[in-house]
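See structure below.
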Amino acid sequence: MTTDTPDRILRIKTVLERTGLSRSTLYRKISEGTFPKQVALSQRCAGWRESAVNNWIATRFPFP
């Protein structure tokens, strides 16, 4: 199923709220390759694709 809505970019505060992870755990998981890498928005600004975060949550906590 494809949608015509563009993928939103989430900032770190939102990612932490949605995942329940701490900042240090989030970055540790990124370095381990178990969490999606962030996307550079500018030289000092980054975010995560909402779809990547949602997919991580869905695979981490599957609902029956």
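Chain labels run A, B, ... following the order of the structure tokens; each chain numbers its residues from 1, and ligands are numbered from 1 in the order shown.
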Check your understanding: Which residues, written as JSON, numbers by chain, have at least one atom at most 8 Å from Asp7 (chain A), with only C-alpha atoms counted and residues fewer than 2 positions away on the same chain left out?
Key -> {"A": [5, 9, 49, 50, 51]}
Check your understanding: DSSP on the backbone: what in chain A comes out alpha helix (DSSP H), as number ranges by chain?
Key -> A: 12-19, 23-32, 50-60
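Here CA of Thr59 (chain A) is placed at a distance of 24.4 Å from CA of Ala40 (chain A).
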Exercise for review: For each of A:Gly47, A:Pro6, A:Leu16, A:Val53, take the minimum atom-to-atom distance to Phe35 (chain A), counting only C-alpha atoms, then give the residue where this is smallest.
Suggested key: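 Using only C-alpha atoms, Phe35 (chain A) sits closest to A:Val53.
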Exercise for review: May I have the residues within 10 Å of Leu26 (chain A) as a VMD selection string, using only C-alpha atoms and disregarding those fewer than 6 positions away in the same chain?
Suggested key: chain A and resid 12 15 to 16 19 to 20 32 34 to 37
Among region 7-57 of chain A, which residues does DSSP mark as strand (DSSP E or B) when it is run on the backbone? Keep the chain and numbering as in the structure and answer as a PDB file with N, CA, C and O atoms, in the first residue's frame.
ATOM      1  N   ILE A   9       9.625  14.538   8.977  1.00  0.00           N
ATOM      2  CA  ILE A   9      10.893  14.441   9.692  1.00  0.00           C
ATOM      3  C   ILE A   9      10.620  14.742  11.164  1.00  0.00           C
ATOM      4  O   ILE A   9      10.013  15.768  11.490  1.00  0.00           O
ATOM      5  N   LEU A  10      11.057  13.838  12.032  1.00  0.00           N
ATOM      6  CA  LEU A  10      10.856  14.005  13.471  1.00  0.00           C
ATOM      7  C   LEU A  10      12.150  14.470  14.116  1.00  0.00           C
ATOM      8  O   LEU A  10      13.219  13.953  13.806  1.00  0.00           O
ATOM      9  N   VAL A  39      18.750  11.800   9.586  1.00  0.00           N
ATOM     10  CA  VAL A  39      18.946  12.480   8.312  1.00  0.00           C
ATOM     11  C   VAL A  39      19.428  13.893   8.605  1.00  0.00           C
ATOM     12  O   VAL A  39      18.829  14.596   9.418  1.00  0.00           O
ATOM     13  N   ALA A  40      20.506  14.306   7.970  1.00  0.00           N
ATOM     14  CA  ALA A  40      21.020  15.665   8.167  1.00  0.00           C
ATOM     15  C   ALA A  40      20.084  16.652   7.476  1.00  0.00           C
ATOM     16  O   ALA A  40      19.796  16.528   6.291  1.00  0.00           O
ATOM     17  N   LEU A  41      19.617  17.641   8.237  1.00  0.00           N
ATOM     18  CA  LEU A  41      18.747  18.679   7.693  1.00  0.00           C
ATOM     19  C   LEU A  41      19.545  19.937   7.366  1.00  0.00           C
ATOM     20  O   LEU A  41      19.204  20.666   6.449  1.00  0.00           O
ATOM     21  N   SER A  42      20.567  20.180   8.148  1.00  0.00           N
ATOM     22  CA  SER A  42      21.491  21.288   7.919  1.00  0.00           C
ATOM     23  C   SER A  42      22.791  20.917   8.623  1.00  0.00           C
ATOM     24  O   SER A  42      22.943  19.792   9.093  1.00  0.00           O
ATOM     25  N   CYS A  45      21.686  20.383  12.371  1.00  0.00           N
ATOM     26  CA  CYS A  45      20.315  19.961  12.619  1.00  0.00           C
ATOM     27  C   CYS A  45      20.066  18.615  11.939  1.00  0.00           C
ATOM     28  O   CYS A  45      20.419  18.431  10.782  1.00  0.00           O
ATOM     29  N   ALA A  46      19.459  17.703  12.682  1.00  0.00           N
ATOM     30  CA  ALA A  46      19.162  16.380  12.136  1.00  0.00           C
ATOM     31  C   ALA A  46      17.783  15.933  12.604  1.00  0.00           C
ATOM     32  O   ALA A  46      17.240  16.450  13.579  1.00  0.00           O
ATOM     33  N   GLY A  47      17.243  14.971  11.904  1.00  0.00           N
ATOM     34  CA  GLY A  47      15.952  14.414  12.267  1.00  0.00           C
ATOM     35  C   GLY A  47      15.849  12.993  11.748  1.00  0.00           C
ATOM     36  O   GLY A  47      16.749  12.498  11.070  1.00  0.00           O
ATOM     37  N   TRP A  48      14.762  12.342  12.074  1.00  0.00           N
ATOM     38  CA  TRP A  48      14.524  10.970  11.645  1.00  0.00           C
ATOM     39  C   TRP A  48      13.272  10.923  10.809  1.00  0.00           C
ATOM     40  O   TRP A  48      12.299  11.624  11.082  1.00  0.00           O
ATOM     41  N   ARG A  49      13.265  10.044   9.802  1.00  0.00           N
ATOM     42  CA  ARG A  49      12.067   9.849   8.989  1.00  0.00           C
ATOM     43  C   ARG A  49      11.001   9.181   9.858  1.00  0.00           C
ATOM     44  O   ARG A  49      11.269   8.188  10.528  1.00  0.00           O
TER      45      ARG A  49
END
Exercise for review: Measuring atom to atom with only C-alpha atoms, identify which of A:Gln43, A:Ser31, A:Ala52, A:Ile57 is nearest to Glu17 (chain A).
Suggested key: A:Ile57
